[in-house]
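What follows is the content of work_27.cif, which has mmCIF, C-alpha atoms:
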```cif
data_protein
loop_
_atom_site.label_atom_id
_atom_site.label_comp_id
_atom_site.auth_asym_id
_atom_site.auth_seq_id
_atom_site.Cartn_x
_atom_site.Cartn_y
_atom_site.Cartn_z
CA MET A 25 206.38 80.47 41.59
CA ASP A 26 203.46 79.84 43.93
CA SER A 27 203.72 80.69 47.61
CA LEU A 28 204.93 77.88 49.82
CA LYS A 29 202.47 76.37 52.33
CA LEU A 30 203.58 73.30 54.26
CA ILE A 31 202.55 71.40 57.38
CA ALA A 32 204.64 68.95 59.39
CA LEU A 33 203.13 66.27 61.63
CA ASP A 34 206.17 63.97 61.88
CA GLU A 35 209.97 64.06 61.62
CA THR A 36 209.96 63.39 57.87
CA ASP A 37 207.65 66.36 57.24
CA LEU A 38 209.76 68.52 59.57
CA ALA A 39 212.88 67.69 57.54
CA VAL A 40 211.19 69.16 54.45
CA ILE A 41 210.36 72.37 56.33
CA SER A 42 213.93 72.48 57.63
CA ALA A 43 215.29 72.28 54.08
CA CYS A 44 213.02 75.13 52.97
CA LEU A 45 214.18 77.29 55.89
CA GLN A 46 217.91 76.60 55.64
CA ASP A 47 219.73 79.95 55.69
CA ALA A 48 216.61 81.94 56.57
CA VAL A 49 217.45 85.12 58.47
CA PHE A 50 215.42 86.73 61.23
CA LYS A 51 215.73 89.13 64.15
CA THR A 52 215.19 88.02 67.73
CA GLY A 53 212.21 90.40 67.76
CA ASP A 54 210.62 88.35 64.95
CA THR A 55 209.98 85.48 67.38
CA ALA A 56 207.13 85.16 69.87
CA PHE A 57 205.94 82.56 72.36
CA HIS A 58 202.18 82.69 72.92
CA GLY A 59 201.78 80.81 76.20
CA LYS A 60 198.00 80.98 76.29
CA ASP A 61 197.74 79.50 72.78
CA ARG A 62 200.73 77.18 73.34
CA SER A 63 202.31 78.33 70.09
CA PHE A 64 205.58 79.86 68.92
CA THR A 65 205.94 81.98 65.79
CA LEU A 66 208.99 83.02 63.83
CA GLU A 67 208.92 85.43 60.90
CA ALA A 68 211.93 85.12 58.61
CA ASN A 69 213.34 86.01 55.22
CA ARG A 70 213.91 82.60 53.72
CA PHE A 71 216.19 81.81 50.81
CA VAL A 72 214.15 80.18 48.04
CA TRP A 73 216.17 77.00 47.50
CA GLU A 74 213.50 75.43 45.30
CA GLU A 75 214.04 78.12 42.62
CA ARG A 76 217.69 77.89 41.58
CA SER A 77 217.78 78.94 37.96
CA GLY A 78 219.88 81.71 36.50
CA LYS A 79 222.38 84.05 38.11
CA THR A 80 220.00 85.68 40.54
CA PHE A 81 218.25 84.17 43.52
CA GLU A 82 215.23 85.01 45.62
CA ARG A 83 214.22 85.52 49.25
CA ARG A 84 210.67 85.56 50.61
CA ARG A 85 209.05 86.56 53.88
CA ALA A 86 207.71 83.45 55.61
CA VAL A 87 206.05 82.58 58.90
CA LEU A 88 206.82 79.42 60.85
CA VAL A 89 204.20 78.44 63.45
CA MET A 90 204.79 75.67 65.96
CA LYS A 91 201.85 74.47 68.05
CA GLN A 92 201.51 72.33 71.19
CA VAL A 93 204.47 74.22 72.73
CA GLY A 94 204.81 73.96 76.50
CA SER A 95 207.99 75.98 77.02
CA VAL A 96 210.81 77.72 75.17
CA ARG A 97 214.52 77.84 76.03
CA SER A 98 217.41 79.43 74.20
CA ARG A 99 221.19 79.12 74.09
CA GLY A 100 223.31 81.96 72.74
CA VAL A 101 220.27 84.15 72.02
CA ASP A 102 219.78 87.39 73.99
CA LEU A 103 215.99 87.66 74.01
CA LYS A 104 216.18 91.31 75.14
CA ASP A 105 218.22 92.36 72.09
CA THR A 106 215.40 92.29 69.57
CA ASP A 107 217.53 93.61 66.68
CA THR A 108 220.10 90.80 66.62
CA VAL A 109 220.00 88.98 63.28
CA HIS A 110 220.19 85.17 63.30
CA SER A 111 220.71 82.66 60.51
CA LEU A 112 218.66 79.48 60.76
CA LEU A 113 220.63 76.38 59.81
CA ALA A 114 218.15 73.60 60.60
CA VAL A 115 214.90 72.66 62.32
CA ARG A 116 215.11 69.27 64.01
CA PHE A 117 213.13 67.09 66.40
CA VAL A 118 214.61 65.52 69.52
CA PRO A 119 212.32 62.73 70.80
CA GLY A 120 211.28 62.89 74.44
CA ALA A 121 210.87 60.11 76.99
CA GLU A 122 207.24 59.55 75.95
CA ALA A 123 206.25 59.70 72.27
CA PRO A 124 205.05 61.79 70.56
CA ALA A 125 206.44 64.48 72.91
CA GLY A 126 209.91 65.92 72.52
CA ALA A 127 211.68 69.11 71.54
CA ILE A 128 211.88 71.05 68.30
CA GLU A 129 215.27 72.69 68.03
CA LEU A 130 215.95 75.69 65.83
CA VAL A 131 219.68 75.41 65.13
CA LEU A 132 221.25 78.83 64.51
CA SER A 133 224.65 79.92 63.27
CA GLY A 134 227.33 80.58 65.85
CA GLY A 135 226.27 77.64 68.03
CA ALA A 136 223.04 79.29 69.17
CA ALA A 137 219.69 77.49 69.37
CA ILE A 138 216.07 77.91 70.38
CA GLN A 139 214.47 74.79 71.85
CA LEU A 140 210.72 74.28 72.12
CA GLU A 141 209.30 71.56 74.35
CA VAL A 142 206.30 70.15 72.45
CA ASP A 143 203.56 67.58 73.03
CA CYS A 144 203.89 66.50 69.39
CA ILE A 145 205.08 67.82 66.03
CA GLU A 146 202.56 70.30 64.64
CA VAL A 147 204.35 72.87 62.49
CA GLN A 148 203.21 75.13 59.66
CA LEU A 149 205.32 77.14 57.21
CA ALA A 150 203.86 79.66 54.79
CA ASP A 151 205.20 82.40 52.55
CA VAL A 152 203.39 85.62 53.39
CA GLY A 153 204.55 87.99 50.71
CA GLY A 154 206.15 88.32 47.33
CA GLY A 155 209.79 87.54 46.75
CA TRP A 156 212.68 89.85 46.07
CA GLU A 157 215.81 89.28 44.08
CA THR A 158 219.21 88.72 45.62
CA LYS A 159 222.51 88.04 43.89
CA PHE A 160 223.92 86.31 46.94
CA ARG A 161 223.53 82.59 47.49
CA PRO A 162 224.29 81.36 51.02
CA ARG A 163 227.53 79.42 51.22
CA HIS A 164 228.96 77.33 54.01
CA PRO A 165 232.60 76.43 54.57
CA VAL A 166 233.42 72.82 53.85
CA SER A 167 235.32 71.20 56.69
CA GLY A 168 237.37 68.18 56.06
#
```

Could you render the structure from this file as structure tokens?
Amino acid sequence: MDSLKLIALDETDLAVISACLQDAVFKTGDTAFHGKDRSFTLEANRFVWEERSGKTFERRRAVLVMKQVGSVRSRGVDLKDTDTVHSLLAVRFVPGAEAPAGAIELVLSGGAAIQLEVDCIEVQLADVGGGWETKFRPRHPVSG
């Protein structure tokens, strides 16, 4: 399969990126806010949901870049503990008082989140290396 390269400029595009990153895992140290450039990067091992054939699955190293970022806040994430592993559940946009500004929220397992205040949605996702096989498919408990 070809490497994934996506860009999001609105909420619909961002939902596609969110789906591609569902169940991606990363360490706190794999995130960085670049204040001078007004960008935030996250390197993660994403589960390749778009390739679901056979008994084995695949993960790939990917980089998520968010631009037009004014500030970053976190809940349930110890930024000093760079080795903590997080599981990304969703990437969503929360509109602000004045469009197109708002917040991009990285929803993590365990109730944690990273929230980026942005002037607008400008997000890029790209695979940066080859994939590797995994036998384990992420599963989530069904509540009801």

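With distances restricted to only C-alpha atoms, A:Ala68 is the closest residue to Asp47 (chain A) from A:Val101, A:Ala68, A:Ala123, A:Val93.
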
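Nearest to Ile31 (chain A) of all the residues A:Leu103, A:Ala137, A:Val89, A:Val72 is A:Val89, based on only C-alpha atoms.
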
Point-to-point distance from CA of Glu146 (chain A) to CA of Asp34 (chain A), Å rounded to tenths = 7.8 Å

Using only C-alpha atoms, determine which residues lie at most 10 Å from Leu66 (chain A), disregarding the query and same-chain residues fewer than 2 positions distant; provide the list as an NGL selection string.
-> :A and (50-57 or 64 or 68 or 86-90 or 149)

How about saving the chosen residues, C-alpha atoms kept, as a JSON list (two decimals), keeping the file's coordinate frame?
```json
[["chain", "number", "residue", "atom", "x", "y", "z"],
["A", 50, "PHE", "CA", 215.42, 86.73, 61.23],
["A", 51, "LYS", "CA", 215.73, 89.13, 64.15],
["A", 52, "THR", "CA", 215.19, 88.02, 67.73],
["A", 53, "GLY", "CA", 212.21, 90.40, 67.76],
["A", 54, "ASP", "CA", 210.62, 88.35, 64.95],
["A", 55, "THR", "CA", 209.98, 85.48, 67.38],
["A", 56, "ALA", "CA", 207.13, 85.16, 69.87],
["A", 57, "PHE", "CA", 205.94, 82.56, 72.36],
["A", 64, "PHE", "CA", 205.58, 79.86, 68.92],
["A", 68, "ALA", "CA", 211.93, 85.12, 58.61],
["A", 86, "ALA", "CA", 207.71, 83.45, 55.61],
["A", 87, "VAL", "CA", 206.05, 82.58, 58.90],
["A", 88, "LEU", "CA", 206.82, 79.42, 60.85],
["A", 89, "VAL", "CA", 204.20, 78.44, 63.45],
["A", 90, "MET", "CA", 204.79, 75.67, 65.96],
["A", 149, "LEU", "CA", 205.32, 77.14, 57.21]]
```

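Rounded to one decimal, CA of Val115 (chain A) and CA of Ala127 (chain A) lie 10.4 Å from each other.
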
What does the PyMOL selection byres ((chain A and resi 150-160) around 10) select in this file, as an NGL selection string?
-> :A and (25-31 or 41 or 67-72 or 79-89 or 148-149 or 161-163)

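Across the structure, CA of His110 (chain A) and CA of Glu129 (chain A) are spaced 14.2 Å apart.
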
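Ranking A:Val142, A:Ala136, A:Ile128, A:Ala43 by their shortest atom-to-atom distance to Gly100 (chain A), with only C-alpha atoms included, puts A:Ala136 first.
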
Please write as a compact mmCIF listing (two decimals) with C-alpha atoms, keeping the file's coordinate frame the full residue list that the PyMOL selection byres ((chain A and resi 131) around 10) yields on this file.
```
# COMPACT_ATOMS: atom_id res chain seq x y z
CA SER A 42 213.93 72.48 57.63
CA GLN A 46 217.91 76.60 55.64
CA ARG A 99 221.19 79.12 74.09
CA HIS A 110 220.19 85.17 63.30
CA SER A 111 220.71 82.66 60.51
CA LEU A 112 218.66 79.48 60.76
CA LEU A 113 220.63 76.38 59.81
CA ALA A 114 218.15 73.60 60.60
CA VAL A 115 214.90 72.66 62.32
CA ARG A 116 215.11 69.27 64.01
CA ILE A 128 211.88 71.05 68.30
CA GLU A 129 215.27 72.69 68.03
CA LEU A 130 215.95 75.69 65.83
CA LEU A 132 221.25 78.83 64.51
CA SER A 133 224.65 79.92 63.27
CA GLY A 134 227.33 80.58 65.85
CA GLY A 135 226.27 77.64 68.03
CA ALA A 136 223.04 79.29 69.17
CA ALA A 137 219.69 77.49 69.37
CA ILE A 138 216.07 77.91 70.38
CA GLN A 139 214.47 74.79 71.85
```

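With all atoms listed in the file as the atoms that count, the minimum distance from Ala32 (chain A) to the choices A:Ala48, A:Ile145, A:Ala125, A:Leu140 is reached by A:Ile145.
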
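By all atoms listed in the file, and with residues fewer than 6 positions from Asp61 (chain A) along its chain excluded, the set lying at most 10 Å from it is Lys91, Gln92, Val93 and Gly94 of chain A.
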
Render region 129-149 of chain A from the structure in the preceding block as a file of N, CA and C atoms, as an mmCIF file, in the first residue's frame.
```
data_model
loop_
_atom_site.group_PDB
_atom_site.id
_atom_site.type_symbol
_atom_site.label_atom_id
_atom_site.label_comp_id
_atom_site.auth_asym_id
_atom_site.auth_seq_id
_atom_site.Cartn_x
_atom_site.Cartn_y
_atom_site.Cartn_z
ATOM 1 N N GLU A 129 -8.924 19.117 19.490
ATOM 2 C CA GLU A 129 -8.743 18.296 20.677
ATOM 3 C C GLU A 129 -8.296 16.898 20.278
ATOM 4 N N LEU A 130 -7.190 16.472 20.867
ATOM 5 C CA LEU A 130 -6.706 15.105 20.705
ATOM 6 C C LEU A 130 -7.240 14.327 21.898
ATOM 7 N N VAL A 131 -8.222 13.473 21.656
ATOM 8 C CA VAL A 131 -8.878 12.716 22.719
ATOM 9 C C VAL A 131 -8.085 11.432 22.944
ATOM 10 N N LEU A 132 -7.620 11.237 24.178
ATOM 11 C CA LEU A 132 -6.779 10.098 24.516
ATOM 12 C C LEU A 132 -7.520 9.141 25.438
ATOM 13 N N SER A 133 -7.049 7.913 25.496
ATOM 14 C CA SER A 133 -7.658 6.941 26.402
ATOM 15 C C SER A 133 -7.473 7.402 27.845
ATOM 16 N N GLY A 134 -8.306 6.885 28.721
ATOM 17 C CA GLY A 134 -8.205 7.223 30.134
ATOM 18 C C GLY A 134 -8.721 8.605 30.484
ATOM 19 N N GLY A 135 -9.449 9.242 29.576
ATOM 20 C CA GLY A 135 -10.003 10.565 29.845
ATOM 21 C C GLY A 135 -9.036 11.715 29.646
ATOM 22 N N ALA A 136 -7.850 11.440 29.146
ATOM 23 C CA ALA A 136 -6.855 12.491 28.917
ATOM 24 C C ALA A 136 -7.110 13.180 27.579
ATOM 25 N N ALA A 137 -6.548 14.366 27.422
ATOM 26 C CA ALA A 137 -6.709 15.108 26.166
ATOM 27 C C ALA A 137 -5.621 16.157 26.039
ATOM 28 N N ILE A 138 -5.318 16.498 24.802
ATOM 29 C CA ILE A 138 -4.442 17.625 24.477
ATOM 30 C C ILE A 138 -5.279 18.553 23.621
ATOM 31 N N GLN A 139 -5.352 19.827 24.021
ATOM 32 C CA GLN A 139 -6.183 20.786 23.297
ATOM 33 C C GLN A 139 -5.314 21.905 22.737
ATOM 34 N N LEU A 140 -5.493 22.156 21.441
ATOM 35 C CA LEU A 140 -4.720 23.171 20.734
ATOM 36 C C LEU A 140 -5.651 24.294 20.312
ATOM 37 N N GLU A 141 -5.369 25.504 20.760
ATOM 38 C CA GLU A 141 -6.141 26.666 20.314
ATOM 39 C C GLU A 141 -5.593 27.063 18.947
ATOM 40 N N VAL A 142 -6.469 27.109 17.934
ATOM 41 C CA VAL A 142 -6.027 27.362 16.560
ATOM 42 C C VAL A 142 -6.804 28.518 15.939
ATOM 43 N N ASP A 143 -6.154 29.185 14.981
ATOM 44 C CA ASP A 143 -6.815 30.241 14.212
ATOM 45 C C ASP A 143 -7.766 29.650 13.181
ATOM 46 N N CYS A 144 -7.435 28.445 12.710
ATOM 47 C CA CYS A 144 -8.239 27.734 11.720
ATOM 48 C C CYS A 144 -7.728 26.300 11.659
ATOM 49 N N ILE A 145 -8.448 25.443 10.963
ATOM 50 C CA ILE A 145 -8.006 24.055 10.789
ATOM 51 C C ILE A 145 -6.995 24.007 9.648
ATOM 52 N N GLU A 146 -5.785 23.606 9.976
ATOM 53 C CA GLU A 146 -4.735 23.372 8.981
ATOM 54 C C GLU A 146 -3.875 22.235 9.520
ATOM 55 N N VAL A 147 -4.206 21.019 9.097
ATOM 56 C CA VAL A 147 -3.618 19.808 9.662
ATOM 57 C C VAL A 147 -3.107 18.918 8.537
ATOM 58 N N GLN A 148 -1.934 18.329 8.751
ATOM 59 C CA GLN A 148 -1.362 17.391 7.787
ATOM 60 C C GLN A 148 -1.032 16.086 8.499
ATOM 61 N N LEU A 149 -1.272 14.978 7.813
ATOM 62 C CA LEU A 149 -0.913 13.654 8.310
ATOM 63 C C LEU A 149 -0.158 12.936 7.212
#
```
